[in-house]
file final28.cif (mmCIF, C-alpha atoms)
data_coords
#
loop_
_atom_site.label_atom_id
_atom_site.label_comp_id
_atom_site.auth_asym_id
_atom_site.auth_seq_id
_atom_site.Cartn_x
_atom_site.Cartn_y
_atom_site.Cartn_z
CA MET A 31 102.89 -169.24 -24.09
CA LEU A 32 104.29 -168.41 -20.66
CA LEU A 33 103.79 -172.08 -19.79
CA MET A 34 105.84 -173.16 -22.81
CA LEU A 35 108.67 -170.88 -21.64
CA SER A 36 108.52 -172.49 -18.19
CA MET A 37 108.64 -175.96 -19.74
CA LEU A 38 111.69 -174.99 -21.77
CA ILE A 39 113.54 -173.73 -18.68
CA THR A 40 112.63 -176.92 -16.82
CA MET A 41 113.84 -178.93 -19.81
CA TYR A 42 117.22 -177.22 -19.39
CA ARG A 43 117.47 -178.53 -15.83
CA PHE A 44 116.25 -181.93 -17.01
CA LEU A 45 119.05 -182.16 -19.57
CA LYS A 46 121.78 -180.60 -17.46
CA GLY A 47 120.95 -181.87 -13.93
CA PRO A 48 124.04 -183.15 -12.11
CA THR A 49 122.40 -186.17 -10.43
CA LEU A 50 119.55 -188.51 -11.23
CA SER A 51 117.37 -186.99 -8.50
CA ASP A 52 117.47 -183.58 -10.18
CA ARG A 53 116.21 -185.14 -13.36
CA VAL A 54 113.39 -186.91 -11.54
CA VAL A 55 112.31 -183.64 -9.87
CA ALA A 56 112.38 -181.86 -13.23
CA PHE A 57 110.33 -184.69 -14.76
CA ASP A 58 107.75 -184.37 -11.98
CA VAL A 59 107.44 -180.62 -12.54
CA MET A 60 107.19 -181.09 -16.30
CA SER A 61 104.42 -183.66 -16.03
CA ILE A 62 102.35 -181.32 -13.86
CA MET A 63 102.97 -178.47 -16.29
CA GLY A 64 101.78 -180.82 -19.05
CA VAL A 65 98.52 -181.39 -17.15
CA SER A 66 97.93 -177.62 -16.97
CA LEU A 67 98.79 -177.24 -20.65
CA LEU A 68 96.25 -179.93 -21.55
CA ILE A 69 93.54 -178.16 -19.52
CA LEU A 70 94.32 -174.87 -21.26
CA LEU A 71 94.14 -176.64 -24.64
CA ALA A 72 90.74 -178.03 -23.65
CA VAL A 73 89.46 -174.49 -23.19
CA TYR A 74 91.14 -173.26 -26.36
CA PHE A 75 89.65 -175.95 -28.61
CA GLN A 76 86.36 -176.19 -26.61
CA ARG A 77 86.61 -179.96 -26.20
CA SER A 78 85.87 -181.41 -22.77
CA LEU A 79 87.45 -184.69 -23.94
CA TYR A 80 90.90 -183.25 -23.25
CA LEU A 81 90.09 -183.10 -19.53
CA ASP A 82 90.00 -186.89 -19.37
CA ILE A 83 93.37 -187.02 -21.10
CA ALA A 84 94.72 -184.54 -18.54
CA LEU A 85 93.42 -186.69 -15.67
CA VAL A 86 95.03 -189.86 -17.03
CA PHE A 87 98.25 -188.00 -17.80
CA GLY A 88 98.42 -186.72 -14.22
CA LEU A 89 97.92 -190.27 -12.93
CA ILE A 90 100.64 -191.67 -15.19
CA GLY A 91 103.03 -188.84 -14.27
CA PHE A 92 102.52 -189.46 -10.56
CA LEU A 93 103.13 -193.19 -11.04
CA GLY A 94 106.22 -192.44 -13.12
CA SER A 95 107.89 -190.21 -10.55
CA THR A 96 107.00 -192.61 -7.72
CA ILE A 97 108.51 -195.55 -9.58
CA PHE A 98 111.63 -193.53 -10.38
CA GLY A 99 111.94 -192.76 -6.65
CA ARG A 100 111.72 -196.46 -5.89
CA TYR A 101 114.35 -197.14 -8.53
CA ILE A 102 116.77 -194.61 -7.00
CA GLU A 103 116.15 -195.96 -3.52
CA LYS A 104 116.38 -199.70 -4.05
CA GLY A 105 117.96 -200.04 -7.47
CA VAL A 106 115.29 -202.42 -8.74
CA MET B 212 83.47 -163.45 -14.72
CA ASP B 213 85.69 -164.37 -17.66
CA TYR B 214 88.25 -161.73 -16.81
CA LEU B 215 88.61 -163.09 -13.27
CA GLY B 216 89.30 -166.50 -14.82
CA TYR B 217 91.94 -165.09 -17.17
CA LEU B 218 93.56 -163.27 -14.26
CA LEU B 219 93.74 -166.49 -12.23
CA ILE B 220 95.23 -168.37 -15.22
CA PHE B 221 97.82 -165.62 -15.62
CA PHE B 222 98.82 -165.88 -11.96
CA GLY B 223 99.05 -169.66 -12.30
CA ALA B 224 101.34 -169.33 -15.30
CA MET B 225 103.48 -166.84 -13.36
CA ALA B 226 103.77 -169.41 -10.56
CA PHE B 227 104.96 -171.97 -13.10
CA LEU B 228 107.54 -169.49 -14.40
CA VAL B 229 108.80 -168.87 -10.85
CA SER B 230 109.01 -172.64 -10.40
CA ALA B 231 111.10 -173.10 -13.54
CA VAL B 232 113.47 -170.24 -12.72
CA GLY B 233 113.90 -171.54 -9.18
CA LEU B 234 114.55 -175.03 -10.49
CA VAL B 235 117.47 -173.67 -12.51
CA ARG B 236 118.89 -171.33 -9.88
CA MET B 237 118.66 -173.36 -6.66
CA PRO B 238 121.89 -175.04 -5.52
CA ASP B 239 120.99 -178.59 -4.42
CA VAL B 240 118.37 -181.31 -4.71
CA TYR B 241 116.29 -180.49 -1.63
CA THR B 242 115.80 -176.80 -2.38
CA ARG B 243 114.99 -177.68 -5.97
CA MET B 244 112.37 -180.10 -4.74
CA HIS B 245 110.96 -177.44 -2.40
CA VAL B 246 110.57 -174.91 -5.19
CA GLY B 247 109.39 -177.55 -7.63
CA THR B 248 106.55 -179.03 -5.65
CA LYS B 249 104.96 -176.04 -3.91
CA THR B 250 104.84 -173.64 -6.82
CA THR B 251 103.53 -176.26 -9.23
CA THR B 252 100.77 -177.22 -6.79
CA ILE B 253 99.59 -173.64 -6.41
CA GLY B 254 100.02 -172.96 -10.13
CA THR B 255 97.91 -175.93 -11.15
CA LEU B 256 95.21 -175.08 -8.63
CA LEU B 257 95.09 -171.46 -9.85
CA VAL B 258 94.82 -172.55 -13.50
CA ILE B 259 92.06 -175.05 -12.67
CA PHE B 260 90.02 -172.52 -10.68
CA GLY B 261 90.45 -169.94 -13.44
CA ILE B 262 89.05 -172.41 -15.95
CA ILE B 263 86.15 -173.17 -13.61
CA PHE B 264 85.29 -169.45 -13.82
CA ILE B 265 85.50 -169.52 -17.63
CA GLU B 266 83.63 -172.80 -18.27
CA PRO B 267 81.35 -173.50 -15.28
CA SER B 268 79.83 -176.60 -16.90
CA TRP B 269 83.09 -178.52 -16.60
CA ALA B 270 83.37 -177.92 -12.88
CA MET B 271 82.97 -181.52 -11.72
CA LYS B 272 85.87 -182.96 -13.73
CA LEU B 273 88.06 -179.98 -12.92
CA ILE B 274 87.41 -180.23 -9.18
CA LEU B 275 88.20 -183.96 -9.36
CA LEU B 276 91.48 -183.12 -11.11
CA ALA B 277 92.28 -180.44 -8.51
CA ILE B 278 91.69 -182.85 -5.61
CA PHE B 279 93.80 -185.50 -7.34
CA ILE B 280 96.73 -183.14 -7.92
CA PHE B 281 96.43 -181.68 -4.41
CA LEU B 282 96.74 -185.21 -2.96
CA THR B 283 99.37 -186.79 -5.19
CA ASN B 284 101.82 -183.94 -5.73
CA PRO B 285 103.23 -183.80 -2.16
CA LEU B 286 103.25 -187.60 -2.05
CA SER B 287 105.45 -188.01 -5.12
CA SER B 288 107.69 -185.18 -3.91
CA SER B 289 108.09 -186.94 -0.55
CA VAL B 290 108.97 -190.25 -2.23
CA VAL B 291 111.58 -188.58 -4.43
CA ALA B 292 113.03 -186.67 -1.44
CA ARG B 293 113.41 -189.87 0.57
CA ALA B 294 115.04 -191.60 -2.39
CA ALA B 295 117.47 -188.70 -2.88
CA HIS B 296 118.36 -188.82 0.82
CA LYS B 297 119.04 -192.56 0.68
CA ASP B 298 121.00 -191.99 -2.49
CA GLY B 299 123.31 -189.68 -0.55
CA ALA B 300 122.41 -186.20 -1.73
CA VAL B 301 123.98 -183.48 0.40
CA LEU B 302 122.90 -179.96 1.25
CA GLU B 303 124.89 -177.05 -0.06
CA ASN B 304 125.90 -174.96 3.03
CA ASP B 305 124.77 -177.53 5.58
CA ALA B 306 124.02 -175.39 8.65
CA PHE B 307 123.90 -178.33 11.06
CA LYS B 308 127.32 -179.55 9.95
CA GLU B 309 128.73 -176.05 10.40
CA VAL B 310 127.43 -175.95 13.98
CA SER B 311 128.50 -179.44 15.00
CA LYS B 312 131.99 -179.11 13.57
#

call {"tool": "encode", "arguments": {"input": "final28.cif", "output": "structure tokens"}}
result
Amino acid sequence: MLLMLSMLITMYRFLKGPTLSDRVVAFDVMSIMGVSLLILLAVYFQRSLYLDIALVFGLIGFLGSTIFGRYIEKGV
Amino acid sequence: MDYLGYLLIFFGAMAFLVSAVGLVRMPDVYTRMHVGTKTTTIGTLLVIFGIIFIEPSWAMKLILLAIFIFLTNPLSSSVVARAAHKDGAVLENDAFKEVSK
């Protein structure tokens, strides 16, 4: 509930952000918040399957922000 | 034992809230990155350790996730910071420029 509020405030920066880098930082923060939200959902529904989803989501989020950094840097 | 876990999860969520508020209020890219990466790292670690206290049988996967986040979060932040610097992001109130002027 508090985490949803934080994601909404981060979403504001993601939509408003003056430059591309701000949006990438906000995306990074939001993906890590999504990992925590998935872990909390795993406890709430008592399914340990959600932990695997959280692990893969963290991996994909890390790859996403790294590739966005490469895109800003080299324009590829 | 459960209450300690809930307390840790609450502190982790507070760290996330601080991160989001700082992300809105900070003036430029570098300070936003500073507030974004450190508070989310500590928030995720607090949430994960709180859940280890609540559900001890899931500890292996959770510790793996904690190590993974602890390793990759500063790395992605560093990559984005270098890209923003090459892109030409400037500091608000650049102290070094003020001195060398």

call {"tool": "closest_residue", "arguments": {"input": "final28.cif", "among": "B:Met212, B:Met271, B:Ala277, B:Val235", "to": "chain A", "atoms": "only C-alpha atoms"}}
result
B:Val235

call {"tool": "interface_residues", "arguments": {"input": "final28.cif", "of": "chain B", "to": "chain A", "cutoff": "7 Å", "atoms": "all atoms listed in the file", "output": "JSON, numbers by chain"}}
result
{"B": [224, 227, 228, 231, 232, 234, 235, 240, 244, 247, 251, 255, 258, 276, 283, 287, 290, 291, 294, 295, 297, 298]}

call {"tool": "residues_around", "arguments": {"input": "final28.cif", "residues": "Asn284 of chain B", "least_positions_apart": "4", "cutoff": "8 Å", "atoms": "all atoms listed in the file", "output": "list in words"}}
result
Phe92 of chain A; Thr248, Thr252, Ile280 and Ser288 of chain B

call {"tool": "atom_distance", "arguments": {"input": "final28.cif", "atom1": "atom CA of Ile262 of chain B", "atom2": "atom CA of Gly216 of chain B"}}
result
6.0 Å

call {"tool": "atom_distance", "arguments": {"input": "final28.cif", "atom1": "atom CA of Met237 of chain B", "atom2": "atom CA of Thr250 of chain B"}}
result
13.8 Å

call {"tool": "atom_distance", "arguments": {"input": "final28.cif", "atom1": "atom CA of Gly254 of chain B", "atom2": "atom CA of Ile220 of chain B"}}
result
8.4 Å

call {"tool": "closest_residue", "arguments": {"input": "final28.cif", "among": "B:Tyr241, B:Asp213, B:Gly223, B:Leu218", "to": "Pro267 of chain B", "atoms": "only C-alpha atoms"}}
result
B:Asp213

call {"tool": "build_atoms", "arguments": {"input": "final28.cif", "residues": "segment 62-97 of chain A", "atoms": "N, CA and C atoms", "output": "mmCIF file, in the coordinates of the input"}}
result
data_model
loop_
_atom_site.group_PDB
_atom_site.id
_atom_site.type_symbol
_atom_site.label_atom_id
_atom_site.label_comp_id
_atom_site.auth_asym_id
_atom_site.auth_seq_id
_atom_site.Cartn_x
_atom_site.Cartn_y
_atom_site.Cartn_z
ATOM 1 N N ILE A 62 103.454 -182.121 -14.377
ATOM 2 C CA ILE A 62 102.350 -181.320 -13.860
ATOM 3 C C ILE A 62 102.084 -180.117 -14.764
ATOM 4 N N MET A 63 103.167 -179.541 -15.313
ATOM 5 C CA MET A 63 102.970 -178.470 -16.290
ATOM 6 C C MET A 63 102.229 -178.992 -17.521
ATOM 7 N N GLY A 64 102.499 -180.245 -17.910
ATOM 8 C CA GLY A 64 101.780 -180.820 -19.050
ATOM 9 C C GLY A 64 100.304 -180.963 -18.767
ATOM 10 N N VAL A 65 99.939 -181.306 -17.512
ATOM 11 C CA VAL A 65 98.520 -181.390 -17.150
ATOM 12 C C VAL A 65 97.857 -180.027 -17.330
ATOM 13 N N SER A 66 98.518 -178.958 -16.820
ATOM 14 C CA SER A 66 97.930 -177.620 -16.970
ATOM 15 C C SER A 66 97.814 -177.217 -18.428
ATOM 16 N N LEU A 67 98.825 -177.580 -19.224
ATOM 17 C CA LEU A 67 98.790 -177.240 -20.650
ATOM 18 C C LEU A 67 97.642 -177.945 -21.337
ATOM 19 N N LEU A 68 97.372 -179.213 -20.942
ATOM 20 C CA LEU A 68 96.250 -179.930 -21.550
ATOM 21 C C LEU A 68 94.919 -179.294 -21.169
ATOM 22 N N ILE A 69 94.804 -178.806 -19.910
ATOM 23 C CA ILE A 69 93.540 -178.160 -19.520
ATOM 24 C C ILE A 69 93.342 -176.874 -20.307
ATOM 25 N N LEU A 70 94.445 -176.103 -20.486
ATOM 26 C CA LEU A 70 94.320 -174.870 -21.260
ATOM 27 C C LEU A 70 93.951 -175.170 -22.710
ATOM 28 N N LEU A 71 94.498 -176.270 -23.276
ATOM 29 C CA LEU A 71 94.140 -176.640 -24.640
ATOM 30 C C LEU A 71 92.674 -177.041 -24.728
ATOM 31 N N ALA A 72 92.151 -177.664 -23.655
ATOM 32 C CA ALA A 72 90.740 -178.030 -23.650
ATOM 33 C C ALA A 72 89.858 -176.805 -23.747
ATOM 34 N N VAL A 73 90.252 -175.717 -23.071
ATOM 35 C CA VAL A 73 89.460 -174.490 -23.190
ATOM 36 C C VAL A 73 89.634 -173.868 -24.570
ATOM 37 N N TYR A 74 90.864 -173.923 -25.101
ATOM 38 C CA TYR A 74 91.140 -173.260 -26.360
ATOM 39 C C TYR A 74 90.389 -173.920 -27.512
ATOM 40 N N PHE A 75 90.360 -175.256 -27.536
ATOM 41 C CA PHE A 75 89.650 -175.950 -28.610
ATOM 42 C C PHE A 75 88.203 -176.280 -28.260
ATOM 43 N N GLN A 76 87.747 -175.924 -27.042
ATOM 44 C CA GLN A 76 86.360 -176.190 -26.610
ATOM 45 C C GLN A 76 86.005 -177.680 -26.659
ATOM 46 N N ARG A 77 86.919 -178.536 -26.247
ATOM 47 C CA ARG A 77 86.610 -179.960 -26.200
ATOM 48 C C ARG A 77 86.798 -180.428 -24.766
ATOM 49 N N SER A 78 85.722 -180.952 -24.160
ATOM 50 C CA SER A 78 85.870 -181.410 -22.770
ATOM 51 C C SER A 78 86.525 -182.782 -22.727
ATOM 52 N N LEU A 79 86.773 -183.397 -23.901
ATOM 53 C CA LEU A 79 87.450 -184.690 -23.940
ATOM 54 C C LEU A 79 88.876 -184.587 -23.424
ATOM 55 N N TYR A 80 89.517 -183.405 -23.651
ATOM 56 C CA TYR A 80 90.900 -183.250 -23.250
ATOM 57 C C TYR A 80 91.074 -183.307 -21.738
ATOM 58 N N LEU A 81 89.978 -183.045 -20.985
ATOM 59 C CA LEU A 81 90.090 -183.100 -19.530
ATOM 60 C C LEU A 81 90.370 -184.515 -19.060
ATOM 61 N N ASP A 82 89.742 -185.507 -19.741
ATOM 62 C CA ASP A 82 90.000 -186.890 -19.370
ATOM 63 C C ASP A 82 91.458 -187.256 -19.640
ATOM 64 N N ILE A 83 91.968 -186.747 -20.785
ATOM 65 C CA ILE A 83 93.370 -187.020 -21.100
ATOM 66 C C ILE A 83 94.273 -186.405 -20.041
ATOM 67 N N ALA A 84 93.913 -185.185 -19.573
ATOM 68 C CA ALA A 84 94.720 -184.540 -18.540
ATOM 69 C C ALA A 84 94.703 -185.351 -17.255
ATOM 70 N N LEU A 85 93.535 -185.900 -16.900
ATOM 71 C CA LEU A 85 93.420 -186.690 -15.670
ATOM 72 C C LEU A 85 94.298 -187.933 -15.747
ATOM 73 N N VAL A 86 94.225 -188.635 -16.887
ATOM 74 C CA VAL A 86 95.030 -189.860 -17.030
ATOM 75 C C VAL A 86 96.508 -189.516 -17.084
ATOM 76 N N PHE A 87 96.840 -188.385 -17.729
ATOM 77 C CA PHE A 87 98.250 -188.000 -17.800
ATOM 78 C C PHE A 87 98.801 -187.663 -16.429
ATOM 79 N N GLY A 88 97.980 -187.003 -15.585
ATOM 80 C CA GLY A 88 98.420 -186.720 -14.220
ATOM 81 C C GLY A 88 98.661 -187.999 -13.446
ATOM 82 N N LEU A 89 97.771 -188.988 -13.639
ATOM 83 C CA LEU A 89 97.920 -190.270 -12.930
ATOM 84 C C LEU A 89 99.212 -190.967 -13.354
ATOM 85 N N ILE A 90 99.452 -190.989 -14.683
ATOM 86 C CA ILE A 90 100.640 -191.670 -15.190
ATOM 87 C C ILE A 90 101.908 -190.950 -14.730
ATOM 88 N N GLY A 91 101.866 -189.585 -14.699
ATOM 89 C CA GLY A 91 103.030 -188.840 -14.270
ATOM 90 C C GLY A 91 103.365 -189.090 -12.811
ATOM 91 N N PHE A 92 102.308 -189.160 -11.981
ATOM 92 C CA PHE A 92 102.520 -189.460 -10.560
ATOM 93 C C PHE A 92 103.130 -190.846 -10.393
ATOM 94 N N LEU A 93 102.578 -191.827 -11.126
ATOM 95 C CA LEU A 93 103.130 -193.190 -11.040
ATOM 96 C C LEU A 93 104.574 -193.218 -11.522
ATOM 97 N N GLY A 94 104.857 -192.459 -12.583
ATOM 98 C CA GLY A 94 106.220 -192.440 -13.120
ATOM 99 C C GLY A 94 107.220 -191.912 -12.116
ATOM 100 N N SER A 95 106.893 -190.760 -11.472
ATOM 101 C CA SER A 95 107.890 -190.210 -10.550
ATOM 102 C C SER A 95 108.022 -191.090 -9.309
ATOM 103 N N THR A 96 106.902 -191.727 -8.872
ATOM 104 C CA THR A 96 107.000 -192.610 -7.720
ATOM 105 C C THR A 96 107.883 -193.822 -8.025
ATOM 106 N N ILE A 97 107.717 -194.368 -9.235
ATOM 107 C CA ILE A 97 108.510 -195.550 -9.580
ATOM 108 C C ILE A 97 109.974 -195.180 -9.772
#
